[in-house]
Amino acid sequence: MRTFLSRLGLLFLLAGAPACAVQEALAPTPTGAATEHTAMVAAANPHAVEAGLDALRNGGNAMDAAIAVQTVLSLVEPQSSGLGGGAFMLYRDAATGEITVYDGRERAPMAADETLWLDEEGEPLPFLTAWTSGRAVGVPGVIAMLAMAHEDHGARDWAENFTFAERLAEDGFAISPRLHSLILRAQQIGPIEDLPASGAYFFDENGNAFPVGHVLANPDYAESLRLIAADWRNFYEGPLAAEIVAAVGAGDVPGAMTLDDLAAYTPVRRAAICRDYRGYDVCSAPPPASGGIALNQILGLLEPYDMAATGPETEEGWRRFIEASRLAYADRDAYVAAPEAMTVTPGALLDEDYIAARAALIDRDTAIPHVPAGEPDIPGTSHFVIVDAHGNVVSMTATVEFLFGSNRMAGGFFLNNQMTDFNFDPRDEDGRLHPNAPGSGKVPRSSMSPTIILDGEGEFYMGVGSPGGSSIIAYVAKTIVGVIDWGLTPQAAIELPNVVARGDVVRVEETYPAELLEALADKGFQLDANRSENSGLHAIRRLDDGTLDGGADPRREGVVGQLE
Ligand code: GLU
């Protein structure tokens with residue numbers, strides 16, 4: 001019998017990795033110029049934060065800093081995001097007040113169809129087989145997306161944004177505790193040591209992973225950065241593209257990506273999904289990302305309830321949060337997919353009457369026994385936040401999907417396994433195609449929820465987001481409720497225990513108070529307690545006096561850095 005370990009199961013395995021809380025304060029650096037706002041970067045790694053600050057000090061704005069941050073994350077946090085992956089970015093332009101979503105989601109090769117994840121017998125492949133297969137790799141979108149966004153909003157030359165990462169790749173960086181522990185995990189469960197590129201990169205000749213503190217240089221990555229800095233199209237055409245196609249086509253279960261697939265990749269500008277929550281405008285990413293819909297559903301479902309009066313120390317507040325999450329996840333799982341494949345519109349899922357009717361389901365004292373998707377009217381994994389001195393804001397979540405993506409490397413970076421975000425089983429028992437079934441040139445649903453919140457005057461209030469697969473939505477919703485309803489600082493809200501209520505079992509992080517657990521169990525909730533939760537929340541909030549207040553998740557290695 002085939003052993004099937006789901007991605008979620010694997011995440012739990014990984015959650016055992018030590019949470020390295022590096023809440024170090026970066027030395028403030030004077031800008032030399034008086035600014036209305038301070039500038040701030042909150043990201044998952046101190047090198048990445050420093051790269052962002054360096055860009056801001058040297059003629060770059062938030063958009064330029066985002067490129068500097070992402071190119072460094074790809075090097076120092078390759079398990080999570082990188083040039084071989086995809087991303088969603090929300091950008092708020094200070095001059096116009098407009099928010100634009102840049103969608104750099106990976107696309108399936110044209111040769112893919114709904115059988116992508118089925119074996120010869122028509123059975124879904126086990127996740128472990130799929131994860132590192134060539135079929136898992138979608139056409140990477142990060143570079144094309146950053147190029148489009150930079151074209152719209154960058155302040156300094158595209159190429160300048162690559163120099164920090166290029167230098168770090170040449171000089172090398174010290175392997176962090178978290179990276180080291182995740183290399184070991186990947187070695188336990190996958191082929192990372194046996195694949196030629198990653199094997200040579202992370203392991204010595206005896207097969208031992210390089211230790212924490214080992215200085216790892218990546219000249220191939222530096223070379224890729226030089227090519228892309230010269231012209232972003234060099235990622236999608238020419239020798240680098242050929243290297244990507246070769247890596248996808250190699251080994252077991254190869255993928256069908258072609259040079260044409262790469263050359264055809266186009267990112268998409270989209271409108272954010274925004275909804276009012278207690279006087280704040282909460283804007284997040286639209287389909288194929290599910291964050292904008294699910295996050296706003298959770299908040300909409302909570303709105304009739306006085307959450308401020310039932311704080312994080314109360315069973316009642318958490319109970320409502322849990323039920324709102326369960327209801328929103330049920331709809332997300334059933335309906336959200338690539339925009340053209342959705343059978344229900346985002347508008348129907350966020351319709352006020354529909355949300356009010358769903359919210360009424362929460363008006364009870366004990367757990368809802370089972371939460372199916374609703375029936376709306378049918379007409380139709382690293383996150384960072386940057387605020388620059390002008391007030392421009394980037395809130396961006398980028399991903400290679402699972403641990404080191406497909407583990408396949410090209411040009412010194414890891415290629416994603418994003419195609420595993422499609423439903424493996426394309427049809428239900430009645431033969432109906434699921435909106436999130438794989439398809440030719442199609443993008444899989446994402447849970448990424450890069451969010452920008454505006455205050456009642458339409459001014460920037462907070463940027464927030466997280467990695468964490470489908471749990472992203474719950475992590476981000478908790479942080480927003482923590483800040484807006486429970487009056488916490490972003491840091492305190494991030495540190496609240498994560499509670500993920502998707503389906504009938506509610507996952508509760510190990511830091512959750514025992515008496516609240518007991519109270520929730522008494523109300524009939526099925527709890528899966530003492531979980532480690534791998535959120536990587538980063539947030540920046542603007543205070544009334546215009547200064548910024550940032551938070552970095554102690555569950556990862558992130559920091560907040562600012563220019564004074
Ligand atoms: N692949 C996931 C998504 O796009 C994100 C993966 C993660 O956060 O670990 O929804």
# chains A, B, ... in the order shown; residues from 1 in each chain; ligands from 1
>>> residues_near_ligand(ligand="ligand 1", cutoff="7 Å", atoms="only C-alpha atoms and all ligand atoms", output="ChimeraX atom specification")
/A:80,381,399-402,418,421,445-448,467-470,472
>>> closest_atom_pairs(of="stretch 328-411 of chain A", to="stretch 523-530 of chain A", cutoff="9 Å", atoms="only C-alpha atoms", output="tab-separated table")
residue	atom	partner	partner_atom	distance
A:Asp365	CA	A:Lys523	CA	7.0
A:Thr366	CA	A:Lys523	CA	4.5
A:Ala367	CA	A:Gly524	CA	5.1
A:Ile368	CA	A:Phe525	CA	8.2
A:Pro369	CA	A:Gly524	CA	7.9
>>> residues_around(residues="stretch 403-416 of chain A", least_positions_apart="5", cutoff="9 Å", atoms="only C-alpha atoms", output="NGL selection string")
:A and (74-75 or 77-86 or 106 or 130-134 or 136-140 or 182-183 or 185-186 or 190-192 or 195-198 or 201 or 218-225 or 240-241 or 243-248)
>>> write_last_selection(atoms="N, CA and C atoms", output="short mmCIF file (atom, residue, chain, number, x, y, z; two decimals), in the first residue's frame")
data_model
loop_
_atom_site.label_atom_id
_atom_site.label_comp_id
_atom_site.auth_asym_id
_atom_site.auth_seq_id
_atom_site.Cartn_x
_atom_site.Cartn_y
_atom_site.Cartn_z
N SER A 74 16.12 34.85 -1.61
CA SER A 74 16.31 33.71 -2.51
C SER A 74 17.64 33.01 -2.21
N LEU A 75 18.59 33.77 -1.71
CA LEU A 75 19.91 33.24 -1.39
C LEU A 75 19.97 32.67 0.03
N GLU A 77 17.39 32.30 2.34
CA GLU A 77 16.21 31.57 2.83
C GLU A 77 15.61 30.78 1.67
N PRO A 78 16.45 29.97 0.98
CA PRO A 78 15.99 29.34 -0.27
C PRO A 78 14.92 28.29 -0.04
N GLN A 79 14.75 27.87 1.21
CA GLN A 79 13.69 26.90 1.50
C GLN A 79 12.31 27.49 1.34
N SER A 80 12.23 28.81 1.32
CA SER A 80 10.92 29.45 1.38
C SER A 80 10.50 30.18 0.11
N SER A 81 11.40 30.96 -0.44
CA SER A 81 11.00 31.74 -1.60
C SER A 81 12.21 31.98 -2.47
N GLY A 82 11.97 32.46 -3.68
CA GLY A 82 13.12 32.74 -4.52
C GLY A 82 12.76 32.98 -5.96
N LEU A 83 13.80 33.22 -6.74
CA LEU A 83 13.61 33.55 -8.15
C LEU A 83 12.95 32.41 -8.91
N GLY A 84 13.10 31.19 -8.43
CA GLY A 84 12.49 30.04 -9.09
C GLY A 84 11.05 29.83 -8.68
N GLY A 85 10.46 30.79 -7.99
CA GLY A 85 9.10 30.64 -7.49
C GLY A 85 8.15 31.73 -7.97
N GLY A 86 7.11 31.93 -7.20
CA GLY A 86 6.09 32.93 -7.55
C GLY A 86 5.81 33.85 -6.39
N GLU A 106 3.04 31.17 -10.40
CA GLU A 106 3.58 30.25 -11.39
C GLU A 106 2.46 29.67 -12.25
N ALA A 130 5.24 13.68 -5.71
CA ALA A 130 4.91 14.86 -6.50
C ALA A 130 5.83 16.03 -6.18
N TRP A 131 6.12 16.23 -4.90
CA TRP A 131 6.85 17.39 -4.40
C TRP A 131 8.12 17.69 -5.19
N THR A 132 8.97 16.67 -5.38
CA THR A 132 10.26 16.92 -6.01
C THR A 132 10.28 16.46 -7.47
N SER A 133 9.10 16.21 -8.02
CA SER A 133 9.04 15.80 -9.43
C SER A 133 9.18 17.02 -10.33
N GLY A 134 9.55 16.78 -11.60
CA GLY A 134 9.61 17.88 -12.55
C GLY A 134 8.22 18.43 -12.86
N ALA A 136 6.05 19.14 -10.84
CA ALA A 136 5.63 20.10 -9.80
C ALA A 136 6.02 21.52 -10.13
N VAL A 137 6.94 21.65 -11.09
CA VAL A 137 7.51 22.98 -11.32
C VAL A 137 6.63 23.78 -12.28
N GLY A 138 6.19 24.93 -11.83
CA GLY A 138 5.46 25.83 -12.69
C GLY A 138 6.40 26.91 -13.20
N VAL A 139 6.01 27.57 -14.27
CA VAL A 139 6.86 28.63 -14.83
C VAL A 139 7.00 29.73 -13.77
N PRO A 140 8.22 30.01 -13.32
CA PRO A 140 8.41 30.96 -12.22
C PRO A 140 7.96 32.38 -12.61
N LEU A 182 16.51 23.00 8.39
CA LEU A 182 15.61 22.62 7.31
C LEU A 182 16.32 21.84 6.20
N ILE A 183 17.62 22.06 6.05
CA ILE A 183 18.39 21.19 5.13
C ILE A 183 18.36 19.76 5.67
N ARG A 185 16.09 18.43 7.59
CA ARG A 185 14.74 17.86 7.40
C ARG A 185 14.55 17.41 5.97
N ALA A 186 14.98 18.26 5.04
CA ALA A 186 14.81 17.91 3.63
C ALA A 186 15.58 16.64 3.31
N GLY A 190 13.48 13.74 1.66
CA GLY A 190 13.52 13.90 0.21
C GLY A 190 14.91 13.68 -0.36
N PRO A 191 15.06 13.98 -1.64
CA PRO A 191 16.30 13.65 -2.35
C PRO A 191 17.33 14.77 -2.38
N ILE A 192 17.22 15.79 -1.52
CA ILE A 192 18.04 16.99 -1.69
C ILE A 192 19.53 16.68 -1.77
N LEU A 195 20.43 14.99 -5.34
CA LEU A 195 20.33 15.74 -6.58
C LEU A 195 21.66 16.47 -6.79
N PRO A 196 22.18 16.46 -8.01
CA PRO A 196 23.55 16.95 -8.19
C PRO A 196 23.76 18.39 -7.70
N ALA A 197 22.87 19.30 -8.06
CA ALA A 197 23.14 20.71 -7.72
C ALA A 197 22.97 20.97 -6.23
N SER A 198 21.85 20.56 -5.64
CA SER A 198 21.62 20.84 -4.22
C SER A 198 22.56 20.01 -3.36
N TYR A 201 25.77 21.78 -3.24
CA TYR A 201 25.65 23.11 -2.62
C TYR A 201 25.59 23.03 -1.09
N ASN A 218 27.67 31.33 -3.44
CA ASN A 218 26.85 30.78 -4.53
C ASN A 218 27.15 31.56 -5.82
N PRO A 219 28.33 31.26 -6.42
CA PRO A 219 28.73 31.99 -7.63
C PRO A 219 27.75 31.82 -8.78
N ASP A 220 27.07 30.65 -8.87
CA ASP A 220 26.09 30.47 -9.95
C ASP A 220 24.95 31.47 -9.80
N TYR A 221 24.54 31.66 -8.55
CA TYR A 221 23.45 32.60 -8.30
C TYR A 221 23.90 34.03 -8.62
N ALA A 222 25.13 34.34 -8.24
CA ALA A 222 25.66 35.68 -8.55
C ALA A 222 25.63 35.91 -10.06
N GLU A 223 25.99 34.87 -10.82
CA GLU A 223 25.99 34.99 -12.28
C GLU A 223 24.56 35.17 -12.81
N SER A 224 23.62 34.42 -12.25
CA SER A 224 22.22 34.58 -12.66
C SER A 224 21.76 36.00 -12.39
N LEU A 225 22.13 36.53 -11.24
CA LEU A 225 21.71 37.90 -10.89
C LEU A 225 22.29 38.90 -11.88
N LEU A 240 19.92 30.69 -19.25
CA LEU A 240 19.29 30.42 -17.95
C LEU A 240 17.97 29.68 -18.14
N ALA A 241 17.19 30.12 -19.13
CA ALA A 241 15.92 29.44 -19.43
C ALA A 241 16.19 27.99 -19.82
N GLU A 243 18.64 26.17 -18.88
CA GLU A 243 19.02 25.44 -17.66
C GLU A 243 17.79 25.05 -16.84
N ILE A 244 16.83 25.97 -16.77
CA ILE A 244 15.59 25.69 -16.03
C ILE A 244 14.84 24.52 -16.69
N VAL A 245 14.69 24.59 -18.01
CA VAL A 245 13.97 23.54 -18.73
C VAL A 245 14.67 22.19 -18.54
N ALA A 246 16.01 22.19 -18.56
CA ALA A 246 16.75 20.94 -18.37
C ALA A 246 16.53 20.38 -16.97
N ALA A 247 16.53 21.25 -15.96
CA ALA A 247 16.33 20.78 -14.57
C ALA A 247 14.93 20.21 -14.39
N VAL A 248 13.94 20.81 -15.04
CA VAL A 248 12.56 20.34 -14.93
C VAL A 248 12.40 19.00 -15.64
#
>>> select_by_dssp(residues="stretch 152-226 of chain A", states="alpha helix (DSSP H)", output="number ranges by chain")
A: 152-153, 163-171, 177-189, 196-202, 219-226
>>> residues_around(residues="A:Glu237", least_positions_apart="5", cutoff="8 Å", atoms="only C-alpha atoms", output="PyMOL selection string")
chain A and resi 242+259+262-263
>>> write_last_selection(atoms="all heavy atoms", output="PDB file, in the first residue's frame")
ATOM      1  N   ALA A 242      17.240  27.769 -20.616  1.00  0.00           N
ATOM      2  CA  ALA A 242      17.566  26.397 -21.038  1.00  0.00           C
ATOM      3  C   ALA A 242      17.945  25.546 -19.830  1.00  0.00           C
ATOM      4  O   ALA A 242      17.575  24.363 -19.737  1.00  0.00           O
ATOM      5  CB  ALA A 242      18.712  26.421 -22.048  1.00  0.00           C
ATOM      6  N   LEU A 259      10.862  25.788 -23.449  1.00  0.00           N
ATOM      7  CA  LEU A 259      11.362  27.165 -23.584  1.00  0.00           C
ATOM      8  C   LEU A 259      10.227  28.113 -23.955  1.00  0.00           C
ATOM      9  O   LEU A 259      10.174  29.254 -23.499  1.00  0.00           O
ATOM     10  CB  LEU A 259      12.460  27.226 -24.649  1.00  0.00           C
ATOM     11  CG  LEU A 259      13.811  26.650 -24.221  1.00  0.00           C
ATOM     12  CD1 LEU A 259      14.740  26.542 -25.421  1.00  0.00           C
ATOM     13  CD2 LEU A 259      14.444  27.503 -23.117  1.00  0.00           C
ATOM     14  N   LEU A 262       8.339  29.235 -20.913  1.00  0.00           N
ATOM     15  CA  LEU A 262       9.052  30.298 -20.183  1.00  0.00           C
ATOM     16  C   LEU A 262       8.913  31.635 -20.905  1.00  0.00           C
ATOM     17  O   LEU A 262       8.586  32.659 -20.301  1.00  0.00           O
ATOM     18  CB  LEU A 262      10.529  29.936 -20.028  1.00  0.00           C
ATOM     19  CG  LEU A 262      10.847  29.060 -18.814  1.00  0.00           C
ATOM     20  CD1 LEU A 262      12.172  28.346 -19.017  1.00  0.00           C
ATOM     21  CD2 LEU A 262      10.891  29.877 -17.536  1.00  0.00           C
ATOM     22  N   ALA A 263       9.124  31.606 -22.223  1.00  0.00           N
ATOM     23  CA  ALA A 263       9.087  32.855 -22.994  1.00  0.00           C
ATOM     24  C   ALA A 263       7.699  33.493 -22.938  1.00  0.00           C
ATOM     25  O   ALA A 263       7.546  34.714 -23.029  1.00  0.00           O
ATOM     26  CB  ALA A 263       9.493  32.588 -24.435  1.00  0.00           C
TER      27      ALA A 263
END
>>> atom_distance(atom1="atom CA of A:Ala65", atom2="atom CA of A:Val394")
8.9 Å
>>> atom_distance(atom1="atom CA of A:Leu454", atom2="atom CA of A:Val282")
6.6 Å
>>> residues_around(residues="A:Asp119", least_positions_apart="2", cutoff="12 Å", atoms="only C-alpha atoms", output="ChimeraX atom specification")
/A:114-117,121-126,129-130,253,424-425
>>> closest_residue(among="A:Ser532, A:Ala373, A:Glu315, A:Leu299", to="A:Asp485", atoms="only C-alpha atoms")
A:Leu299
>>> atom_distance(atom1="atom CA of A:Tyr512", atom2="atom CA of A:Asn498")
8.1 Å
>>> closest_residue(among="A:Asp553, A:Ala217, A:Ala271, A:Phe162", to="A:Ser284", atoms="only C-alpha atoms")
A:Ala271
>>> closest_residue(among="A:Ala359, A:Ile453, A:Ala337, A:Met307", to="A:Gly487", atoms="only C-alpha atoms")
A:Met307
>>> closest_residue(among="A:Ala108, A:Ile298, A:Ile362, A:Ala51", to="A:Gly439", atoms="only C-alpha atoms")
A:Ala108
>>> residues_around(residues="A:Asp276", least_positions_apart="6", cutoff="9 Å", atoms="only C-alpha atoms", output="PyMOL selection string")
chain A and resi 282-283+296+300
>>> residues_around(residues="stretch 41-48 of chain A", least_positions_apart="6", cutoff="6 Å", atoms="only C-alpha atoms", output="compact mmCIF listing (two decimals) with N, CA, C and O atoms, in the first residue's frame")
# COMPACT_ATOMS: atom_id res chain seq x y z
N VAL A 69 15.38 42.95 -1.32
CA VAL A 69 15.01 41.99 -0.28
C VAL A 69 14.78 40.60 -0.89
O VAL A 69 15.31 39.59 -0.41
N VAL A 72 17.86 38.70 -2.00
CA VAL A 72 18.64 38.17 -0.87
C VAL A 72 17.92 36.99 -0.22
O VAL A 72 18.53 35.98 0.12
N LEU A 73 16.59 37.09 -0.07
CA LEU A 73 15.84 35.96 0.51
C LEU A 73 16.07 34.69 -0.31
O LEU A 73 16.20 33.59 0.24
N PHE A 384 7.21 39.88 3.30
CA PHE A 384 7.86 41.06 3.85
C PHE A 384 7.03 42.30 3.59
O PHE A 384 6.18 42.34 2.69
N VAL A 385 7.30 43.30 4.43
CA VAL A 385 6.61 44.58 4.31
C VAL A 385 7.68 45.67 4.32
O VAL A 385 8.63 45.61 5.10
N ILE A 386 7.53 46.62 3.40
CA ILE A 386 8.47 47.74 3.32
C ILE A 386 7.67 49.03 3.25
O ILE A 386 6.71 49.13 2.47
N HIS A 538 4.98 39.09 9.22
CA HIS A 538 5.71 40.35 9.30
C HIS A 538 4.72 41.46 9.07
O HIS A 538 3.85 41.35 8.20
N GLU A 557 13.29 33.67 11.62
CA GLU A 557 14.52 34.43 11.94
C GLU A 557 14.43 35.89 11.56
O GLU A 557 15.43 36.57 11.41
N GLY A 558 13.21 36.37 11.38
CA GLY A 558 13.03 37.71 10.85
C GLY A 558 13.35 38.82 11.84
O GLY A 558 13.40 38.62 13.05
N VAL A 559 13.54 39.98 11.29
CA VAL A 559 13.81 41.18 12.09
C VAL A 559 13.08 42.37 11.45
O VAL A 559 12.62 42.30 10.31
N VAL A 560 13.03 43.43 12.23
CA VAL A 560 12.51 44.69 11.72
C VAL A 560 13.67 45.68 11.75
O VAL A 560 14.38 45.78 12.75
N GLY A 561 13.88 46.36 10.65
CA GLY A 561 14.93 47.38 10.63
C GLY A 561 14.36 48.68 10.16
O GLY A 561 13.42 48.71 9.37
>>> closest_residue(among="A:Gly546, A:Pro554, A:Pro312, A:Gly374", to="A:Trp486", atoms="only C-alpha atoms")
A:Pro312
